[in-house]
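**Q** So that you have it, the file is data_18.txt, and it contains compact mmCIF, C-alpha atoms and all ligand atoms:
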# COMPACT_ATOMS: atom_id res chain seq x y z
CA MET A 148 50.20 43.86 221.84
CA PRO A 149 49.68 46.33 224.66
CA ILE A 150 47.45 49.37 224.23
CA ARG A 151 49.52 52.16 222.67
CA ALA A 152 49.22 55.94 222.57
CA ALA A 153 48.92 57.86 219.29
CA ILE A 154 48.65 61.53 218.38
CA THR A 155 47.06 63.26 215.40
CA VAL A 156 48.94 65.04 212.61
CA CYS A 157 46.90 67.16 210.18
CA LEU A 158 48.20 67.91 206.67
CA VAL A 159 45.04 69.69 205.48
CA PRO A 160 45.21 73.51 205.62
CA GLU A 161 41.40 73.82 205.64
CA ALA A 162 41.30 71.72 208.84
CA ARG A 163 43.71 73.93 210.79
CA HIS A 164 40.98 74.64 213.36
CA GLY A 165 40.01 70.97 213.61
CA PRO A 166 40.66 68.53 216.48
CA PHE A 167 44.23 67.66 215.55
CA VAL A 168 47.25 68.25 217.74
CA PHE A 169 50.00 68.83 215.19
CA HIS A 170 49.56 70.94 212.06
CA GLU A 171 53.02 70.93 210.58
CA ALA A 172 55.38 68.96 208.33
CA LEU A 173 55.51 65.24 209.10
CA GLU A 174 59.12 65.33 210.27
CA THR A 175 58.56 68.14 212.81
CA ALA A 176 55.38 66.49 214.08
CA PHE A 177 56.98 63.04 214.34
CA ALA A 178 59.97 64.43 216.25
CA LYS A 179 57.60 65.99 218.78
CA ALA A 180 55.38 62.88 219.00
CA SER A 181 58.41 60.74 219.68
CA ALA A 182 59.86 63.17 222.24
CA HIS A 183 56.56 63.10 224.13
CA GLY A 184 56.70 59.28 224.24
CA PHE A 185 53.92 58.43 221.77
CA HIS A 186 54.00 55.02 220.11
CA GLY A 187 52.06 55.99 217.01
CA VAL A 188 50.80 58.79 214.78
CA GLU A 189 47.39 59.19 213.16
CA ILE A 190 47.52 61.21 209.95
CA PHE A 191 44.80 63.35 208.37
CA PRO A 192 45.92 63.85 204.74
CA THR A 193 44.28 65.75 201.86
CA HIS A 194 44.21 62.48 199.88
CA ALA A 195 46.15 59.23 199.50
CA ASP A 196 48.81 60.81 197.26
CA ASP A 197 49.52 63.54 199.81
CA ILE A 198 52.17 61.44 201.48
CA ASP A 199 55.32 60.00 199.96
CA GLY A 200 55.30 56.37 201.13
CA LEU A 201 59.08 56.01 201.13
CA GLN A 202 59.52 59.20 203.15
CA LEU A 203 56.83 58.09 205.59
CA ARG A 204 58.48 54.69 206.06
CA ASP A 205 61.81 56.36 206.70
CA LEU A 206 60.37 58.88 209.18
CA LEU A 207 58.41 56.23 211.10
CA ARG A 208 61.56 54.15 211.47
CA ARG A 209 63.73 57.13 212.39
CA TYR A 210 61.37 58.28 215.14
CA GLY A 211 60.36 54.81 216.35
CA LEU A 212 56.68 55.37 215.55
CA GLU A 213 53.91 53.23 214.07
CA LEU A 214 51.24 54.50 211.72
CA ALA A 215 48.13 54.15 213.92
CA ALA A 216 45.42 55.13 211.40
CA VAL A 217 44.71 57.45 208.47
CA GLY A 218 41.65 59.71 208.32
CA THR A 219 39.52 60.24 205.21
CA GLY A 220 37.66 63.37 206.36
CA SER A 221 39.17 65.67 203.74
CA GLY A 222 37.11 63.84 201.09
CA TRP A 223 34.13 65.46 202.79
CA LEU A 224 35.84 68.71 203.77
CA ARG A 225 37.31 69.50 200.37
CA ARG A 226 35.00 67.69 197.94
CA GLN A 227 31.75 66.97 199.84
CA LEU A 228 32.07 63.27 199.03
CA THR A 229 29.96 60.88 201.13
CA LEU A 230 29.01 57.20 201.03
CA THR A 231 25.33 58.10 201.44
CA SER A 232 24.94 60.77 198.76
CA SER A 233 21.84 60.28 196.60
CA ASP A 234 24.12 60.82 193.57
CA PRO A 235 25.66 57.45 192.55
CA HIS A 236 28.62 59.26 190.95
CA VAL A 237 29.42 60.98 194.26
CA ARG A 238 29.17 57.66 196.13
CA MET A 239 31.54 56.10 193.61
CA GLN A 240 34.03 58.95 194.00
CA ALA A 241 33.74 58.65 197.79
CA ARG A 242 34.46 54.92 197.54
CA ASP A 243 37.49 55.56 195.31
CA PHE A 244 38.79 58.25 197.66
CA ILE A 245 38.48 56.00 200.72
CA GLY A 246 39.73 52.97 198.80
CA ALA A 247 42.97 54.76 197.90
CA ILE A 248 43.52 55.64 201.56
CA ILE A 249 42.78 52.04 202.60
CA ASP A 250 45.44 50.85 200.14
CA PHE A 251 48.01 53.41 201.30
CA ALA A 252 47.43 52.91 205.04
CA GLY A 253 47.14 49.13 204.64
CA GLY A 254 50.68 49.05 203.27
CA PHE A 255 51.76 50.27 206.72
CA GLY A 256 49.49 47.85 208.59
CA ALA A 257 47.21 50.77 209.50
CA PRO A 258 43.44 51.12 209.09
CA ALA A 259 41.54 53.91 207.31
CA ILE A 260 38.85 55.79 209.23
CA ILE A 261 35.35 56.49 207.93
CA GLY A 262 34.12 59.45 209.96
CA SER A 263 32.51 62.40 208.21
CA MET A 264 32.58 60.62 204.84
CA GLN A 265 29.74 58.41 206.04
CA GLY A 266 27.47 61.41 205.36
CA ARG A 267 23.88 61.52 206.56
CA VAL A 268 20.29 60.64 205.66
CA ALA A 269 19.41 63.60 203.43
CA ASP A 270 16.00 65.28 203.50
CA GLY A 271 13.52 63.36 201.36
CA ILE A 272 15.57 60.15 201.35
CA PRO A 273 14.12 57.16 203.27
CA ARG A 274 16.46 56.07 206.07
CA GLU A 275 16.44 52.48 204.76
CA GLN A 276 17.70 53.74 201.37
CA ALA A 277 20.61 55.67 202.94
CA LEU A 278 21.52 52.62 205.04
CA ALA A 279 21.39 50.41 201.95
CA TRP A 280 23.88 52.74 200.20
CA LEU A 281 26.15 52.75 203.24
CA ARG A 282 25.94 48.93 203.48
CA GLU A 283 26.79 48.55 199.81
CA GLU A 284 29.90 50.75 200.13
CA LEU A 285 31.11 49.17 203.38
CA ASP A 286 30.70 45.76 201.78
CA GLN A 287 33.02 46.91 198.99
CA LEU A 288 35.58 48.63 201.19
CA GLY A 289 35.70 46.14 204.08
CA PRO A 290 37.08 43.29 201.91
CA ARG A 291 39.54 45.72 200.28
CA ALA A 292 41.00 46.41 203.75
CA HIS A 293 40.83 42.72 204.66
CA ALA A 294 43.03 41.84 201.68
CA LEU A 295 45.71 44.05 203.27
CA GLY A 296 45.24 42.48 206.71
CA VAL A 297 43.74 45.57 208.33
CA PRO A 298 40.25 46.40 209.57
CA LEU A 299 38.14 49.26 208.23
CA LEU A 300 37.12 51.71 210.95
CA TYR A 301 33.61 53.12 211.14
CA GLU A 302 33.09 55.98 213.58
CA PRO A 303 29.69 56.84 215.09
CA LEU A 304 29.55 60.65 215.32
CA ASN A 305 27.46 62.96 217.45
CA ARG A 306 24.02 64.16 216.32
CA TYR A 307 25.34 67.48 215.01
CA GLU A 308 27.57 65.68 212.48
CA THR A 309 25.41 62.76 211.32
CA ASN A 310 21.95 61.24 211.72
CA LEU A 311 23.09 57.76 210.61
CA PHE A 312 24.33 56.26 213.90
CA ASN A 313 25.24 58.16 217.05
CA THR A 314 25.80 55.36 219.58
CA VAL A 315 27.46 51.96 219.80
CA GLY A 316 24.10 50.37 220.63
CA ASP A 317 22.56 51.85 217.46
CA VAL A 318 25.30 50.80 215.09
CA LEU A 319 26.02 47.23 216.25
CA PRO A 320 22.84 45.68 214.75
CA PHE A 321 23.64 47.45 211.45
CA LEU A 322 27.16 45.97 211.41
CA GLN A 323 25.56 42.53 211.71
CA THR A 324 23.70 43.16 208.43
CA LEU A 325 26.96 43.61 206.49
CA ARG A 326 28.42 40.76 204.49
CA THR A 327 31.91 41.86 205.50
CA ARG A 328 33.04 41.08 209.05
CA ASN A 329 35.97 43.47 208.69
CA VAL A 330 34.39 46.73 209.82
CA ARG A 331 35.33 47.70 213.38
CA LEU A 332 34.18 50.59 215.50
CA LEU A 333 36.12 53.73 216.19
CA CYS A 334 34.89 54.93 219.57
CA ASP A 335 35.54 58.68 219.94
CA LEU A 336 35.13 59.70 223.57
CA PHE A 337 34.17 63.24 222.53
CA HIS A 338 31.16 62.03 220.50
CA MET A 339 30.35 59.42 223.16
CA ASN A 340 30.30 62.09 225.85
CA ILE A 341 27.48 63.77 223.93
CA GLU A 342 25.53 60.66 222.92
CA GLU A 343 26.07 57.69 225.24
CA GLN A 344 24.16 57.20 228.51
CA ASP A 345 27.26 55.59 229.95
CA ILE A 346 30.55 55.60 228.05
CA ALA A 347 32.12 52.65 229.88
CA SER A 348 29.05 50.45 229.28
CA ALA A 349 29.04 51.41 225.60
CA LEU A 350 32.71 50.42 225.30
CA ARG A 351 31.93 47.08 226.97
CA LEU A 352 29.09 46.61 224.52
CA ALA A 353 31.46 47.33 221.61
CA GLY A 354 33.67 44.49 222.92
CA HIS A 355 35.60 42.76 220.16
CA HIS A 356 34.14 45.16 217.57
CA LEU A 357 36.33 47.92 219.06
CA GLY A 358 39.02 48.82 216.52
CA HIS A 359 40.32 52.26 217.52
CA VAL A 360 39.77 54.88 220.23
CA HIS A 361 39.84 58.68 219.91
CA LEU A 362 40.96 59.88 223.31
CA ALA A 363 39.39 63.28 223.95
CA ASP A 364 37.86 65.00 226.94
CA SER A 365 34.32 66.40 227.09
CA ASN A 366 35.42 69.74 225.54
CA ARG A 367 37.59 68.03 222.93
CA TRP A 368 40.72 69.19 224.71
CA ALA A 369 43.31 66.60 225.78
CA MET A 370 41.99 63.98 228.21
CA GLY A 371 42.38 65.47 231.68
CA MET A 372 41.49 69.01 230.57
CA GLY A 373 37.69 68.60 230.59
CA HIS A 374 35.19 66.91 232.89
CA THR A 375 35.13 63.31 231.64
CA SER A 376 36.01 60.79 234.38
CA MET A 377 38.64 58.55 232.89
CA ALA A 378 38.87 55.72 235.45
CA ALA A 379 35.74 53.70 234.55
CA ILE A 380 36.27 54.31 230.83
CA ALA A 381 39.90 53.15 230.90
CA LYS A 382 38.90 50.12 232.99
CA ALA A 383 36.34 49.13 230.33
CA VAL A 384 38.93 49.49 227.55
CA ASN A 385 41.67 47.67 229.48
CA GLU A 386 39.33 44.80 230.39
CA SER A 387 37.93 44.44 226.85
CA GLY A 388 41.13 42.85 225.59
CA TYR A 389 41.57 45.80 223.21
CA ASP A 390 45.14 45.92 221.90
CA GLY A 391 45.12 48.91 219.55
CA PHE A 392 45.73 52.63 219.85
CA VAL A 393 44.14 55.31 221.95
CA SER A 394 44.71 58.36 219.79
CA ALA A 395 44.54 62.01 220.82
CA GLU A 396 42.13 63.58 218.33
CA VAL A 397 41.91 66.82 220.26
CA LEU A 398 42.27 70.55 219.83
CA PRO A 399 45.79 71.90 220.32
CA ARG A 400 44.74 73.85 223.42
CA PRO A 401 46.16 75.72 225.19
CA ASP A 402 48.92 74.70 222.75
CA ALA A 403 50.00 71.53 220.95
CA ASP A 404 52.79 70.62 223.36
CA SER A 405 50.52 70.95 226.41
CA ALA A 406 47.87 68.79 224.72
CA ALA A 407 50.51 66.16 223.91
CA ARG A 408 51.98 66.24 227.42
CA GLN A 409 48.55 66.01 229.09
CA THR A 410 47.54 63.11 226.82
CA MET A 411 50.65 61.11 227.72
CA GLU A 412 50.17 61.87 231.41
CA THR A 413 46.62 60.49 231.22
CA PHE A 414 47.77 57.54 229.13
CA ARG A 415 50.51 56.57 231.62
CA GLN A 416 48.14 56.93 234.54
CA PHE A 417 45.28 54.87 233.12
CA PHE A 418 46.43 52.50 230.41
CA VAL A 419 48.53 49.40 230.63
CA GLN A 420 51.64 50.24 228.61
CA ASN A 421 55.31 49.49 228.27
CA ARG A 422 57.15 52.65 227.30
C1 LIG B 501 36.63 62.33 213.05
O1 LIG B 501 37.40 61.36 213.71
C2 LIG B 501 35.65 62.94 213.95
O2 LIG B 501 35.61 62.65 215.11
C3 LIG B 501 34.70 63.91 213.40
O3 LIG B 501 34.11 64.65 214.42
C4 LIG B 501 35.27 64.84 212.38
O4 LIG B 501 35.98 65.85 213.01
MN MN B 502 36.97 61.12 215.98
How does this structure look as structure tokens?
Ligand code: LER
Ligand code: MN

**A**
Amino acid sequence: MPIRAAITVCLVPEARHGPFVFHEALETAFAKASAHGFHGVEIFPTHADDIDGLQLRDLLRRYGLELAAVGTGSGWLRRQLTLTSSDPHVRMQARDFIGAIIDFAGGFGAPAIIGSMQGRVADGIPREQALAWLREELDQLGPRAHALGVPLLYEPLNRYETNLFNTVGDVLPFLQTLRTRNVRLLCDLFHMNIEEQDIASALRLAGHHLGHVHLADSNRWAMGMGHTSMAAIAKAVNESGYDGFVSAEVLPRPDADSAARQTMETFRQFFVQNR
């Protein structure tokens, strides 16, 4: 499979100011994604039941799109659920919330994303304890995704969003401590621009653990609208053997169509592709 381009569609009203390009009904968003030449769509739903599976299947077919990934962030945004809460009931609800999205997305051959639902090491909680909770949950959810033939995506975030893991180098040894081998890394170039010494080297280090890429410039606008240098980064991704999506998780600035157009321009310039 060649590397393919995806674009984000947000169905959560509370996230209307978030880094998602389209904030409208699936059909309108898919029509635009397809017209811009995207291969896939990444959806940010309120929960697993937000989307009618039959309708989604029909729309994906009609617009020639793949489901690239499904985000779980609204579990945090709307219900403050995290996998590292000190409350076991909250952790269980977080696991159920993510599990339902894994099942839904897996039916489309797409992975679920664990971003903000990873949570953080809370004040007064030993780091080792928080990591043990995270490990326990990933070891439950990883096999659930594996049974559907998809990976589970774990996304290191920048320091303002989590204190668990901020870089590829930090998180790789932790992944080795999991029983499941089915957790892959989501490398978000916006977070990496803040945290990594060298983004291309970090992507090389991720290697076969790389499972998804959020394509965003330094300011979280579409790639090409900030000051990240794409060439070395794209070279690292192209040479890694990565065959998944690079997905525009960016602000719709100056407007959604410009962000989509700029993303595809960057994609065609830097990534090996066939459309
Ligand atoms: C989610 O993919 C992400 O990158 C976080 O910053 C939540 O917005
Ligand atoms: Mn991201």

**Q** Within 9 Å of ligand MN 502 (chain B), counting only C-alpha atoms and all ligand atoms: which residues, as a ChimeraX atom specification?

**A** /A:166,260,262,302-304,333-338,360-363,396-397

**Q** Would you please work out which residue, of A:Gly316, A:Gly271, A:Gly165, A:Gly373, is nearest to Thr410 in chain A when using all atoms listed in the file?

**A**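 Of A:Gly316, A:Gly271, A:Gly165, A:Gly373, the one nearest Thr410 in chain A, counting all atoms listed in the file, is A:Gly373.
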
**Q** For Pro399 in chain A, work out the shell of residues within 12 Å, counting all atoms listed in the file and skipping chain neighbours fewer than 6 positions away, then give it as a VMD selection string.

**A** chain A and resid 154 to 157 163 to 170 363 366 to 370 372 405 to 410

**Q** In Å, rounded to a single decimal, give me how far CA of Pro258 in chain A is from CA of Thr219 in chain A.

**A** 10.7 Å

**Q** Excluding range 180-188 of chain A and residues on its chain fewer than 4 positions from it, collect all residues at most 8 Å away from it, counting all atoms listed in the file, and give them as JSON, numbers by chain.

**A** {"A": [151, 152, 153, 154, 155, 156, 176, 210, 211, 212, 213, 214, 215, 216, 392, 394, 407, 408, 411, 422]}

**Q** Considering only C-alpha atoms, return as an mmCIF file with C-alpha atoms, keeping the file's coordinate frame whatever protein or nucleic-acid residues lie within 7 Å of Gly220 in chain A, sequence-local ones (same chain, fewer than 4 positions apart) excluded.

**A**
data_model
loop_
_atom_site.group_PDB
_atom_site.id
_atom_site.type_symbol
_atom_site.label_atom_id
_atom_site.label_comp_id
_atom_site.auth_asym_id
_atom_site.auth_seq_id
_atom_site.Cartn_x
_atom_site.Cartn_y
_atom_site.Cartn_z
ATOM 1 C CA LEU A 224 35.840 68.710 203.770
ATOM 2 C CA GLY A 262 34.120 59.450 209.960
ATOM 3 C CA SER A 263 32.510 62.400 208.210
ATOM 4 C CA MET A 264 32.580 60.620 204.840
#

**Q** Of the candidates A:Ala349, A:Leu230, A:Ala257, A:Arg415, which shows the shortest atom-to-atom distance to Glu189 in chain A, using only C-alpha atoms?

**A**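 Once distances to Glu189 in chain A are computed over only C-alpha atoms, the minimum belongs to A:Ala257.
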
**Q** Which residue out of A:Gln276, A:Thr229, A:Ser221, A:Gln240 has the minimum interatomic distance to ligand LIG 501 (chain B) when only C-alpha atoms and all ligand atoms are used?

**A**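 Closest to ligand LIG 501 (chain B), using only C-alpha atoms and all ligand atoms: A:Ser221.
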
**Q** Ala247 in chain A: which residues within 12 Å, counting only C-alpha atoms, same-chain residues fewer than 2 positions away excluded, as an MDAnalysis selection string?

**A** chainID A and resid 192:198 217:219 222 240:245 249:254 258:259 288 291:292

**Q** CA of Asn310 in chain A and CA of Arg267 in chain A are how many Å apart?

**A** 5.5 Å
